[in-house]
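Peer 1: Contents of model.cif (mmCIF, C-alpha atoms and all ligand atoms):
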```
data_entry
#
loop_
_atom_site.label_atom_id
_atom_site.label_comp_id
_atom_site.auth_asym_id
_atom_site.auth_seq_id
_atom_site.Cartn_x
_atom_site.Cartn_y
_atom_site.Cartn_z
CA MET Q 1168 0.00 0.00 0.00
CA GLN Q 1169 1.17 3.54 -0.71
CA SER Q 1170 2.17 5.80 2.13
CA THR Q 1171 -0.64 7.54 3.93
CA PRO Q 1172 -1.00 11.18 2.93
CA ALA Q 1173 -1.10 13.67 5.77
CA ALA Q 1174 -4.64 14.24 6.95
CA ARG Q 1175 -6.14 17.67 6.29
CA THR Q 1176 -8.15 20.10 8.33
CA LEU Q 1177 -11.54 21.10 6.95
CA ASP Q 1178 -13.01 24.43 7.96
CA VAL Q 1179 -16.49 25.57 7.09
CA GLU Q 1180 -16.86 29.25 7.98
CA ASP Q 1181 -20.17 31.01 8.35
CA LEU Q 1182 -21.57 29.24 5.32
CA THR Q 1183 -24.94 30.28 3.93
CA VAL Q 1184 -26.69 28.64 0.98
CA ARG Q 1185 -29.91 29.80 -0.67
CA TYR Q 1186 -32.12 28.11 -3.21
CA GLY Q 1187 -34.00 31.12 -4.57
CA ALA Q 1188 -35.42 32.86 -1.52
CA ALA Q 1189 -35.17 29.78 0.72
CA LEU Q 1190 -32.29 29.48 3.15
CA ALA Q 1191 -31.02 25.87 3.08
CA VAL Q 1192 -27.83 26.42 5.12
CA ASP Q 1193 -27.80 29.29 7.57
CA GLY Q 1194 -24.43 30.46 8.87
CA VAL Q 1195 -22.79 27.09 9.52
CA THR Q 1196 -19.31 27.01 11.04
CA LEU Q 1197 -17.45 23.74 11.62
CA ALA Q 1198 -13.74 23.33 12.35
CA ILE Q 1199 -12.85 19.71 11.61
CA GLU Q 1200 -9.54 18.23 12.75
CA PRO Q 1201 -7.21 16.23 10.49
CA GLY Q 1202 -8.40 12.63 10.25
CA GLU Q 1203 -11.52 13.31 12.27
CA VAL Q 1204 -14.90 11.71 11.52
CA VAL Q 1205 -17.77 14.13 11.97
CA ALA Q 1206 -21.36 12.94 11.74
CA LEU Q 1207 -24.00 15.37 10.50
CA LEU Q 1208 -27.24 14.50 12.16
CA GLY Q 1209 -30.57 16.22 11.74
CA PRO Q 1210 -34.12 15.93 10.42
CA SER Q 1211 -34.97 15.71 6.74
CA GLY Q 1212 -34.54 19.01 4.94
CA CYS Q 1213 -32.25 20.60 7.54
CA GLY Q 1214 -29.47 21.18 4.97
CA LYS Q 1215 -27.09 18.22 5.40
CA THR Q 1216 -26.80 17.25 1.73
CA THR Q 1217 -26.59 20.89 0.70
CA LEU Q 1218 -23.66 21.43 3.05
CA LEU Q 1219 -21.81 18.44 1.54
CA ARG Q 1220 -22.56 19.62 -1.99
CA VAL Q 1221 -21.00 22.99 -1.26
CA ILE Q 1222 -17.89 21.38 0.24
CA ALA Q 1223 -17.62 19.08 -2.80
CA GLY Q 1224 -18.09 21.99 -5.20
CA PHE Q 1225 -21.44 21.07 -6.76
CA VAL Q 1226 -23.41 23.92 -5.22
CA ARG Q 1227 -22.26 27.51 -4.78
CA GLN Q 1228 -22.73 29.21 -1.42
CA ALA Q 1229 -24.30 32.66 -1.02
CA SER Q 1230 -21.64 33.55 1.54
CA GLY Q 1231 -18.98 32.01 3.73
CA ARG Q 1232 -15.89 29.94 3.02
CA VAL Q 1233 -14.59 26.40 2.88
CA ARG Q 1234 -10.92 25.86 3.72
CA VAL Q 1235 -8.72 22.79 3.48
CA ASP Q 1236 -5.53 23.06 5.51
CA GLY Q 1237 -6.23 26.76 5.84
CA ALA Q 1238 -6.51 27.54 2.11
CA THR Q 1239 -9.90 28.40 0.58
CA ILE Q 1240 -11.14 25.99 -2.07
CA ASP Q 1241 -14.22 27.97 -3.07
CA HIS Q 1242 -12.77 28.97 -6.43
CA LEU Q 1243 -11.93 25.37 -7.41
CA PRO Q 1244 -14.22 23.28 -9.60
CA ALA Q 1245 -15.39 19.96 -8.09
CA ASN Q 1246 -12.86 17.82 -9.99
CA GLN Q 1247 -9.92 19.82 -8.61
CA ARG Q 1248 -10.92 19.63 -4.96
CA ASN Q 1249 -9.48 16.24 -4.09
CA ILE Q 1250 -12.65 15.31 -2.24
CA GLY Q 1251 -14.30 11.90 -2.45
CA ILE Q 1252 -18.05 11.75 -2.16
CA VAL Q 1253 -20.56 8.92 -1.85
CA PHE Q 1254 -23.91 10.44 -2.70
CA GLN Q 1255 -27.22 9.88 -0.97
CA ASN Q 1256 -29.28 7.22 -2.79
CA TYR Q 1257 -26.90 7.57 -5.67
CA ALA Q 1258 -26.64 4.35 -7.58
CA LEU Q 1259 -23.69 3.37 -9.71
CA PHE Q 1260 -23.78 4.02 -13.43
CA PRO Q 1261 -25.89 1.00 -14.42
CA HIS Q 1262 -24.42 0.48 -17.90
CA MET Q 1263 -20.81 0.56 -16.67
CA THR Q 1264 -18.90 -2.33 -15.16
CA VAL Q 1265 -17.56 -2.18 -11.62
CA ALA Q 1266 -14.10 -1.27 -12.97
CA GLU Q 1267 -15.51 1.49 -15.20
CA ASN Q 1268 -17.47 2.89 -12.30
CA VAL Q 1269 -14.36 3.06 -10.13
CA ALA Q 1270 -12.42 4.66 -12.99
CA TYR Q 1271 -15.02 7.34 -13.62
CA GLY Q 1272 -13.65 10.09 -11.38
CA LEU Q 1273 -10.10 9.34 -12.50
CA ARG Q 1274 -10.87 9.79 -16.17
CA ALA Q 1275 -12.73 13.02 -15.35
CA ARG Q 1276 -9.51 14.18 -13.67
CA GLY Q 1277 -7.35 13.19 -16.62
CA VAL Q 1278 -5.39 10.47 -14.80
CA ARG Q 1279 -3.37 8.42 -17.31
CA SER Q 1280 -4.52 4.98 -18.28
CA SER Q 1281 -1.89 2.79 -16.58
CA GLU Q 1282 -2.45 4.66 -13.33
CA VAL Q 1283 -6.23 4.26 -13.70
CA GLN Q 1284 -5.78 0.48 -14.01
CA ALA Q 1285 -3.53 0.38 -10.96
CA ARG Q 1286 -5.99 2.30 -8.87
CA ILE Q 1287 -8.96 0.18 -9.96
CA SER Q 1288 -7.08 -2.88 -8.70
CA ARG Q 1289 -5.92 -1.23 -5.51
CA PHE Q 1290 -9.28 0.16 -4.43
CA LEU Q 1291 -11.30 -2.91 -5.42
CA ASP Q 1292 -8.85 -4.86 -3.27
CA ILE Q 1293 -9.40 -2.47 -0.41
CA VAL Q 1294 -13.18 -2.91 -0.50
CA GLN Q 1295 -12.70 -6.65 -1.04
CA LEU Q 1296 -14.25 -6.82 -4.50
CA ALA Q 1297 -11.20 -7.77 -6.56
CA GLY Q 1298 -13.04 -10.55 -8.39
CA PHE Q 1299 -15.94 -8.31 -9.40
CA ARG Q 1300 -14.31 -5.97 -11.93
CA GLU Q 1301 -16.35 -6.95 -14.95
CA ARG Q 1302 -19.73 -7.24 -13.28
CA LEU Q 1303 -22.51 -4.76 -13.88
CA PRO Q 1304 -24.09 -3.09 -10.84
CA ARG Q 1305 -27.31 -5.10 -11.21
CA GLN Q 1306 -25.25 -8.27 -10.75
CA LEU Q 1307 -24.19 -7.13 -7.27
CA SER Q 1308 -25.91 -7.11 -3.90
CA GLY Q 1309 -26.81 -3.79 -2.27
CA GLY Q 1310 -23.82 -3.96 0.05
CA GLN Q 1311 -21.46 -4.76 -2.79
CA GLN Q 1312 -22.82 -1.81 -4.78
CA GLN Q 1313 -22.18 0.46 -1.82
CA ARG Q 1314 -18.63 -0.84 -1.60
CA VAL Q 1315 -18.10 -0.06 -5.29
CA ALA Q 1316 -19.43 3.46 -4.66
CA LEU Q 1317 -16.94 3.73 -1.81
CA ALA Q 1318 -14.09 2.47 -4.01
CA ARG Q 1319 -15.10 5.03 -6.64
CA ALA Q 1320 -14.93 7.82 -4.04
CA LEU Q 1321 -11.58 6.58 -2.68
CA ALA Q 1322 -10.02 6.05 -6.11
CA VAL Q 1323 -9.40 9.75 -6.62
CA GLU Q 1324 -7.21 9.49 -3.49
CA PRO Q 1325 -9.06 12.24 -1.70
CA SER Q 1326 -7.86 13.88 1.46
CA ILE Q 1327 -11.47 14.45 2.45
CA LEU Q 1328 -14.30 11.95 2.28
CA LEU Q 1329 -17.95 12.98 2.26
CA LEU Q 1330 -20.51 10.24 2.84
CA ASP Q 1331 -24.20 11.07 2.45
CA GLU Q 1332 -26.25 8.35 4.16
CA PRO Q 1333 -24.11 5.67 2.55
CA PHE Q 1334 -25.61 2.79 4.52
CA ALA Q 1335 -29.27 3.80 4.67
CA ALA Q 1336 -30.43 1.13 2.23
CA LEU Q 1337 -28.53 -1.71 3.89
CA ASP Q 1338 -29.91 -4.14 6.43
CA ARG Q 1339 -28.65 -3.99 9.98
CA ASN Q 1340 -25.83 -6.56 9.82
CA LEU Q 1341 -24.46 -5.31 6.55
CA ARG Q 1342 -24.66 -1.75 7.82
CA LEU Q 1343 -22.52 -2.67 10.80
CA ASP Q 1344 -19.97 -4.34 8.49
CA MET Q 1345 -19.84 -1.23 6.33
CA GLN Q 1346 -19.50 1.09 9.32
CA ILE Q 1347 -16.51 -0.90 10.52
CA GLU Q 1348 -15.09 -0.98 6.98
CA VAL Q 1349 -15.37 2.78 6.57
CA LYS Q 1350 -13.85 3.43 9.96
CA ARG Q 1351 -10.94 1.13 9.10
CA LEU Q 1352 -10.34 2.74 5.68
CA GLN Q 1353 -10.69 6.20 7.10
CA ARG Q 1354 -8.01 5.41 9.71
CA THR Q 1355 -5.65 3.68 7.27
CA LEU Q 1356 -5.93 6.38 4.63
CA GLY Q 1357 -5.95 9.30 7.07
CA LEU Q 1358 -9.17 10.75 5.71
CA THR Q 1359 -10.95 13.68 7.24
CA THR Q 1360 -14.54 12.50 6.94
CA ILE Q 1361 -18.06 13.88 7.13
CA LEU Q 1362 -20.78 11.27 7.42
CA VAL Q 1363 -24.41 12.31 7.00
CA THR Q 1364 -26.80 10.00 8.75
CA HIS Q 1365 -30.33 9.77 10.11
CA ASP Q 1366 -29.20 7.01 12.43
CA GLN Q 1367 -28.24 8.22 15.90
CA ASP Q 1368 -26.58 4.95 16.83
CA GLU Q 1369 -24.46 5.16 13.70
CA ALA Q 1370 -23.46 8.73 14.55
CA MET Q 1371 -22.67 7.75 18.14
CA SER Q 1372 -20.55 4.75 17.17
CA VAL Q 1373 -18.69 6.00 14.08
CA ALA Q 1374 -18.11 9.69 14.78
CA ASP Q 1375 -15.47 11.48 16.84
CA ARG Q 1376 -17.82 14.45 16.96
CA ILE Q 1377 -21.41 15.04 15.97
CA ALA Q 1378 -22.90 18.20 14.48
CA VAL Q 1379 -26.63 18.31 15.13
CA MET Q 1380 -28.37 20.44 12.50
CA ASN Q 1381 -31.82 21.98 12.56
CA LYS Q 1382 -33.30 24.31 9.95
CA GLY Q 1383 -29.98 25.07 8.28
CA LYS Q 1384 -28.12 25.76 11.51
CA VAL Q 1385 -25.73 23.71 13.61
CA GLU Q 1386 -27.29 23.61 17.09
CA GLN Q 1387 -24.43 21.73 18.74
CA PHE Q 1388 -21.06 20.40 17.64
CA ASP Q 1389 -19.59 18.14 20.26
CA THR Q 1390 -18.48 14.64 21.18
CA PRO Q 1391 -21.18 11.95 21.19
CA VAL Q 1392 -21.03 11.72 24.98
CA ALA Q 1393 -21.35 15.49 25.45
CA ILE Q 1394 -24.26 15.65 22.99
CA TYR Q 1395 -26.02 12.91 24.91
CA ASP Q 1396 -25.19 14.06 28.45
CA ARG Q 1397 -25.12 17.81 28.01
CA PRO Q 1398 -27.43 18.86 25.18
CA GLN Q 1399 -27.30 22.63 24.73
CA THR Q 1400 -30.75 23.14 23.29
CA LEU Q 1401 -34.18 21.58 23.68
CA PHE Q 1402 -34.02 20.51 20.05
CA VAL Q 1403 -30.78 18.56 20.54
CA ASN Q 1404 -32.13 17.18 23.79
CA GLY Q 1405 -35.25 15.83 22.11
CA PHE Q 1406 -33.52 14.69 18.93
CA ILE Q 1407 -30.84 12.55 20.57
CA GLY Q 1408 -31.96 9.55 22.56
CA THR Q 1409 -35.11 9.21 24.60
CA THR Q 1410 -35.83 11.74 27.28
CA ASN Q 1411 -38.43 12.74 29.86
CA LEU Q 1412 -39.54 16.35 30.12
CA MET Q 1413 -41.12 17.70 33.30
CA ASN Q 1414 -42.36 21.19 34.13
CA GLY Q 1415 -40.98 23.06 37.09
CA LYS Q 1416 -40.06 26.43 38.57
CA VAL Q 1417 -36.75 27.81 39.83
CA ALA Q 1418 -37.18 28.29 43.60
CA ALA Q 1419 -33.64 29.43 44.40
CA LEU Q 1420 -30.32 30.13 42.73
CA HIS Q 1421 -26.91 29.87 44.29
CA ASP Q 1422 -23.51 29.86 42.58
CA GLY Q 1423 -24.78 28.43 39.30
CA THR Q 1424 -26.92 25.83 41.02
CA ALA Q 1425 -30.70 26.06 40.79
CA THR Q 1426 -33.17 24.52 43.20
CA VAL Q 1427 -36.10 23.46 41.09
CA VAL Q 1428 -39.56 22.53 42.31
CA LEU Q 1429 -41.27 20.18 39.90
CA ASP Q 1430 -44.96 20.70 39.16
CA ALA Q 1431 -45.08 16.96 39.89
CA GLY Q 1432 -44.19 17.74 43.51
CA ALA Q 1433 -40.51 17.18 44.34
CA SER Q 1434 -37.50 19.43 44.46
CA PHE Q 1435 -33.83 18.99 43.71
CA SER Q 1436 -30.76 20.98 42.76
CA LEU Q 1437 -29.04 21.00 39.42
CA SER Q 1438 -26.64 23.17 37.50
CA ALA Q 1439 -28.35 26.18 35.94
CA PRO Q 1440 -27.71 27.92 32.62
CA ALA Q 1441 -26.48 31.53 32.83
CA LYS Q 1442 -29.65 33.32 31.85
CA ILE Q 1443 -32.10 31.82 34.31
CA SER Q 1444 -33.76 33.70 37.19
CA VAL Q 1445 -35.67 32.79 40.33
CA GLY Q 1446 -39.33 32.15 39.56
CA ALA Q 1447 -38.64 31.18 35.94
CA SER Q 1448 -40.68 28.37 34.42
CA VAL Q 1449 -38.37 25.62 33.26
CA LEU Q 1450 -38.35 22.21 31.66
CA ILE Q 1451 -36.29 19.50 33.28
CA SER Q 1452 -35.02 16.77 31.00
CA VAL Q 1453 -33.98 13.41 32.44
CA ARG Q 1454 -33.03 10.28 30.52
CA PRO Q 1455 -35.09 7.14 31.31
CA GLU Q 1456 -32.06 5.37 32.79
CA GLN Q 1457 -31.50 8.29 35.17
CA LEU Q 1458 -34.86 7.86 36.90
CA ALA Q 1459 -35.62 5.28 39.55
CA LEU Q 1460 -38.77 3.92 41.16
CA SER Q 1461 -39.06 3.99 44.92
CA SER Q 1462 -41.52 3.07 47.64
CA VAL Q 1463 -40.17 5.76 49.96
CA PRO Q 1464 -41.59 9.30 50.00
CA GLY Q 1465 -39.18 12.20 50.50
CA PRO Q 1466 -38.35 15.70 49.30
CA GLY Q 1467 -36.62 14.38 46.17
CA ALA Q 1468 -39.35 11.87 45.34
CA TRP Q 1469 -42.51 12.63 43.40
CA LYS Q 1470 -45.71 10.60 43.29
CA ILE Q 1471 -46.45 8.69 40.12
CA GLN Q 1472 -49.18 6.53 38.71
CA PRO Q 1473 -47.39 3.39 37.45
CA GLY Q 1474 -48.39 2.12 34.01
CA LEU Q 1475 -47.13 -0.75 31.90
CA SER Q 1476 -43.75 -2.39 32.39
CA LEU Q 1477 -42.18 -3.79 29.25
CA PRO Q 1478 -39.07 -5.95 28.96
CA LEU Q 1479 -36.48 -4.60 26.54
CA GLY Q 1480 -33.53 -6.96 26.32
CA ALA Q 1481 -31.75 -6.94 29.65
CA GLN Q 1482 -33.81 -3.99 30.82
CA LEU Q 1483 -37.30 -3.20 31.95
CA VAL Q 1484 -39.06 -0.04 30.73
CA HIS Q 1485 -41.70 1.30 33.09
CA GLU Q 1486 -44.27 3.80 31.99
CA ALA Q 1487 -45.67 6.19 34.58
CA ARG Q 1488 -47.63 9.40 34.84
CA THR Q 1489 -46.94 12.28 37.20
CA VAL Q 1490 -49.70 14.06 39.14
CA ASP Q 1491 -49.45 17.01 36.74
CA GLY Q 1492 -49.95 14.71 33.77
CA ALA Q 1493 -46.42 14.30 32.37
CA SER Q 1494 -45.74 10.83 31.03
CA LEU Q 1495 -42.46 9.26 32.06
CA LYS Q 1496 -40.33 6.37 30.91
CA ILE Q 1497 -38.11 4.78 33.52
CA VAL Q 1498 -35.53 2.15 32.60
CA GLU Q 1499 -34.15 -0.32 35.12
CA PRO Q 1500 -32.07 -3.47 34.90
CA ARG Q 1501 -34.39 -6.49 34.78
CA ARG Q 1502 -34.53 -8.16 38.18
CA ALA Q 1503 -35.34 -11.68 39.12
CA SER Q 1504 -37.53 -10.51 42.02
CA PRO Q 1505 -41.22 -9.83 41.38
CA ALA Q 1506 -42.32 -6.26 40.73
CA ASP Q 1507 -42.79 -4.17 43.86
CA THR Q 1508 -46.25 -2.66 43.65
CA ALA Q 1509 -45.45 -0.22 46.47
CA ARG Q 1510 -43.09 1.71 44.20
CA VAL Q 1511 -45.32 4.68 43.53
CA TYR Q 1512 -42.61 7.33 43.78
CA CYS Q 1513 -40.05 8.41 41.24
CA THR Q 1514 -36.63 9.81 42.09
CA LEU Q 1515 -33.46 10.75 40.31
CA ALA Q 1516 -30.99 7.88 40.11
CA ALA Q 1517 -27.75 8.39 42.03
CA ASP Q 1518 -25.73 9.39 38.95
CA ALA Q 1519 -28.51 11.36 37.25
CA ARG Q 1520 -27.58 14.52 35.41
CA PRO Q 1521 -30.85 16.26 34.63
CA THR Q 1522 -30.72 19.21 32.26
CA LEU Q 1523 -32.59 22.45 32.78
CA PHE Q 1524 -34.02 24.45 29.87
CA PRO Q 1525 -35.89 27.76 30.06
CA ARG Q 1526 -39.51 27.09 29.07
CA SER Q 1527 -39.48 29.61 26.22
CA THR Q 1528 -36.79 27.94 24.05
N1 LIG D 1 -31.93 21.92 -5.86
C1 LIG D 1 -32.73 22.47 -4.94
N2 LIG D 1 -33.55 23.49 -5.25
C2 LIG D 1 -34.35 24.07 -4.33
N3 LIG D 1 -34.41 23.68 -3.04
C3 LIG D 1 -33.62 22.67 -2.66
C4 LIG D 1 -32.74 22.01 -3.58
N4 LIG D 1 -32.09 21.04 -2.91
C5 LIG D 1 -32.53 21.09 -1.64
N5 LIG D 1 -33.45 22.05 -1.47
C6 LIG D 1 -34.11 22.45 -0.22
O1 LIG D 1 -33.10 22.85 0.71
C7 LIG D 1 -33.38 22.35 2.01
C8 LIG D 1 -32.24 21.47 2.47
O2 LIG D 1 -32.16 20.31 1.66
P1 LIG D 1 -31.10 19.17 1.87
O3 LIG D 1 -31.21 18.25 0.71
O4 LIG D 1 -29.78 19.79 2.11
O5 LIG D 1 -31.64 18.50 3.21
P2 LIG D 1 -31.12 17.19 3.98
O6 LIG D 1 -30.81 17.63 5.36
O7 LIG D 1 -30.05 16.54 3.20
O8 LIG D 1 -32.43 16.29 4.03
P3 LIG D 1 -32.59 14.68 3.93
O9 LIG D 1 -32.25 14.17 5.29
O10 LIG D 1 -34.02 14.51 3.59
O11 LIG D 1 -31.68 14.19 2.85
C9 LIG D 1 -34.70 21.61 1.91
O12 LIG D 1 -35.72 22.48 2.32
C10 LIG D 1 -34.82 21.30 0.42
O13 LIG D 1 -36.16 21.22 0.04
MG MG D 2 -29.90 14.74 2.25
#
```
Would you write the structure of this file as structure tokens?
Ligand SMILES: Nc1ncnc2c1ncn2[C@@H]1O[C@H](COP(=O)(O)OP(=O)(O)OP(=O)(O)O)[C@@H](O)[C@H]1O
Ligand SMILES: [Mg+2]
Peer 2:
Amino acid sequence: MQSTPAARTLDVEDLTVRYGAALAVDGVTLAIEPGEVVALLGPSGCGKTTLLRVIAGFVRQASGRVRVDGATIDHLPANQRNIGIVFQNYALFPHMTVAENVAYGLRARGVRSSEVQARISRFLDIVQLAGFRERLPRQLSGGQQQRVALARALAVEPSILLLDEPFAALDRNLRLDMQIEVKRLQRTLGLTTILVTHDQDEAMSVADRIAVMNKGKVEQFDTPVAIYDRPQTLFVNGFIGTTNLMNGKVAALHDGTATVVLDAGASFSLSAPAKISVGASVLISVRPEQLALSSVPGPGAWKIQPGLSLPLGAQLVHEARTVDGASLKIVEPRRASPADTARVYCTLAADARPTLFPRST
């Protein structure tokens, strides 16, 4: 294998993209480290594909810059950007063989014929499809087609790889194989990578950092753990993982810690955002695994009406309703002992890190 090229930084600076009057990307800034994998996560239509298309050079931004290793690439046409892209739902050219598909970007870049042949061999080897050169796409499985698309993107020897939902059409097992494959290639080849996905688990497992987008904006750009444990906005909080929201009021504030009284009837302290004041209406978000059922009343326990309990693998999911009508999900390890019907209180688990949001956001 050839030596690994040095990985590049990728900087997106205050990027705005319009389609006519509509704003598809709205002031996005992302500073991506060399060799880093960033997942773009967000609802349909939030601007993920558009952002990739600008980076790749297929769509022109209204304002803002894209830099690779500090130098702007905005003036370069797509075929001079040294960026590999696997498009969303983008099939291979159906009338071309596997080898011709892989060669496509190389010919467009004027790579000479002997080099094209060498790269076809090398990258089909890498995606483990060496014996498939002469097949047509329709003679391949979905996963094999995706691997050819990946080989085609890698064949231009990019320093940056853009993947737009590359595994969406694959079944679960194959998707896992491909995720591992991409991670391995990305490491070996030193590729700075952006992966667009709808799949939170995929983002959590493959990415070094996640950018959560909403309506053209990046709401949070952080490590998977920070996004999960310390969501900065209600949108991110609701979009990532399952969460419980309860209404409450700030009763006291002291050194960045708020004492909150839940409408459901308990009170506890938690760290408060800067702009909150005493008396403010707030929403408290707690993950299901950070709540616990209890039979003991107390200041930190609130009364609940237990509902169904459903087994979920090694866990048990309890549904419950608070006295002010909020519905809760509480996850516990499955126990051998029979359910304790006296557990009509809910508390925060010992390691719970509830998040406080002002009600207006
Ligand atoms: N060629 C186009 N002309 C006009 N509007 C467009 C065009 N492409 C995308 N849009 C609009 O821009 C917005 C962002 O689209 P984009 O394709 O970037 O979203 P996305 O986040 O990739 O969504 P999905 O998850 O569904 O792929 C959407 O409102 C979309 O309708
Ligand atoms: Mg898209």
Peer 1: Just want the residues within 9 Å of ligand LIG 1 (chain D), written as a PyMOL selection string, counting only C-alpha atoms and all ligand atoms.
Peer 2: chain Q and resi 1184-1187+1189-1192+1207-1220+1226+1255+1331-1332+1363-1365+1380-1383
Peer 1: Quick one: everything within 8 Å of Q:Ala1439, counting all atoms listed in the file, minus sequence neighbours fewer than 2 positions away in the same chain. Send it as a list in words.
Peer 2: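 In the requested form, the answer reads Gly1423, Thr1424, Ala1425, Leu1437, Ala1441, Ile1443 and Leu1523 of chain Q.
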Peer 1: Between atom CA of Q:Arg1279 and atom CA of Q:Ala1266, what is the distance in Å, rounded to a tenth?
Peer 2: 15.1 Å
Peer 1: What does the distance from atom CA of Q:Glu1386 to atom CA of Q:Thr1176 come to in Å, to one decimal?
Peer 2: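 According to the coordinates, atom CA of Q:Glu1386 and atom CA of Q:Thr1176 are separated by 21.3 Å.
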Peer 1: May I have the residues within 9 Å of Q:Asp1491 as a PyMOL selection string, using all atoms listed in the file and disregarding those fewer than 5 positions away in the same chain?
Peer 2: chain Q and resi 1414+1430-1432
Peer 1: Given the choices Q:Pro1440, Q:Pro1333, Q:Pro1521, Q:Pro1500, which gets closest to ligand MG 2 (chain D) if the distance is worked out from only C-alpha atoms and all ligand atoms?
Peer 2: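 The answer is Q:Pro1333, which sits nearest to ligand MG 2 (chain D).
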Peer 1: Report, in Å with one decimal, the straight-line distance from atom CA of Q:Gly1272 to atom CA of Q:Ala1238.
Peer 2: 23.2 Å
Peer 1: Show which residues sit within 12 Å of Q:Leu1362, as number ranges by chain. Count only C-alpha atoms, and ignore same-chain residues fewer than 6 positions away.
Peer 2: Q: 1203-1209, 1215-1216, 1218-1219, 1251-1255, 1327-1335, 1346, 1349-1350, 1353, 1369-1379
Peer 1: Keeping only C-alpha atoms, take the residues you just selected and write them out as a PDB file, in the frame of the given file.
Peer 2:
```
ATOM      1  CA  GLU Q1203     -11.520  13.310  12.270  1.00  0.00           C
ATOM      2  CA  VAL Q1204     -14.900  11.710  11.520  1.00  0.00           C
ATOM      3  CA  VAL Q1205     -17.770  14.130  11.970  1.00  0.00           C
ATOM      4  CA  ALA Q1206     -21.360  12.940  11.740  1.00  0.00           C
ATOM      5  CA  LEU Q1207     -24.000  15.370  10.500  1.00  0.00           C
ATOM      6  CA  LEU Q1208     -27.240  14.500  12.160  1.00  0.00           C
ATOM      7  CA  GLY Q1209     -30.570  16.220  11.740  1.00  0.00           C
ATOM      8  CA  LYS Q1215     -27.090  18.220   5.400  1.00  0.00           C
ATOM      9  CA  THR Q1216     -26.800  17.250   1.730  1.00  0.00           C
ATOM     10  CA  LEU Q1218     -23.660  21.430   3.050  1.00  0.00           C
ATOM     11  CA  LEU Q1219     -21.810  18.440   1.540  1.00  0.00           C
ATOM     12  CA  GLY Q1251     -14.300  11.900  -2.450  1.00  0.00           C
ATOM     13  CA  ILE Q1252     -18.050  11.750  -2.160  1.00  0.00           C
ATOM     14  CA  VAL Q1253     -20.560   8.920  -1.850  1.00  0.00           C
ATOM     15  CA  PHE Q1254     -23.910  10.440  -2.700  1.00  0.00           C
ATOM     16  CA  GLN Q1255     -27.220   9.880  -0.970  1.00  0.00           C
ATOM     17  CA  ILE Q1327     -11.470  14.450   2.450  1.00  0.00           C
ATOM     18  CA  LEU Q1328     -14.300  11.950   2.280  1.00  0.00           C
ATOM     19  CA  LEU Q1329     -17.950  12.980   2.260  1.00  0.00           C
ATOM     20  CA  LEU Q1330     -20.510  10.240   2.840  1.00  0.00           C
ATOM     21  CA  ASP Q1331     -24.200  11.070   2.450  1.00  0.00           C
ATOM     22  CA  GLU Q1332     -26.250   8.350   4.160  1.00  0.00           C
ATOM     23  CA  PRO Q1333     -24.110   5.670   2.550  1.00  0.00           C
ATOM     24  CA  PHE Q1334     -25.610   2.790   4.520  1.00  0.00           C
ATOM     25  CA  ALA Q1335     -29.270   3.800   4.670  1.00  0.00           C
ATOM     26  CA  GLN Q1346     -19.500   1.090   9.320  1.00  0.00           C
ATOM     27  CA  VAL Q1349     -15.370   2.780   6.570  1.00  0.00           C
ATOM     28  CA  LYS Q1350     -13.850   3.430   9.960  1.00  0.00           C
ATOM     29  CA  GLN Q1353     -10.690   6.200   7.100  1.00  0.00           C
ATOM     30  CA  GLU Q1369     -24.460   5.160  13.700  1.00  0.00           C
ATOM     31  CA  ALA Q1370     -23.460   8.730  14.550  1.00  0.00           C
ATOM     32  CA  MET Q1371     -22.670   7.750  18.140  1.00  0.00           C
ATOM     33  CA  SER Q1372     -20.550   4.750  17.170  1.00  0.00           C
ATOM     34  CA  VAL Q1373     -18.690   6.000  14.080  1.00  0.00           C
ATOM     35  CA  ALA Q1374     -18.110   9.690  14.780  1.00  0.00           C
ATOM     36  CA  ASP Q1375     -15.470  11.480  16.840  1.00  0.00           C
ATOM     37  CA  ARG Q1376     -17.820  14.450  16.960  1.00  0.00           C
ATOM     38  CA  ILE Q1377     -21.410  15.040  15.970  1.00  0.00           C
ATOM     39  CA  ALA Q1378     -22.900  18.200  14.480  1.00  0.00           C
ATOM     40  CA  VAL Q1379     -26.630  18.310  15.130  1.00  0.00           C
TER      41      VAL Q1379
END
```
Peer 1: Point out the residue among Q:Leu1420, Q:Cys1513, Q:Val1445, Q:Ala1223 with the least atom-to-atom distance to Q:Val1463, counting all atoms listed in the file.
Peer 2: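 Counting all atoms listed in the file, the residue closest to Q:Val1463 is Q:Cys1513.
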Peer 1: For a quick check of understanding, using all atoms listed in the file, which of Q:Thr1410, Q:Leu1479, Q:Pro1398, Q:Phe1524 has the smallest distance to Q:Val1449?
Peer 2: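 Residue with the minimum atom-to-atom distance to Q:Val1449: Q:Phe1524.
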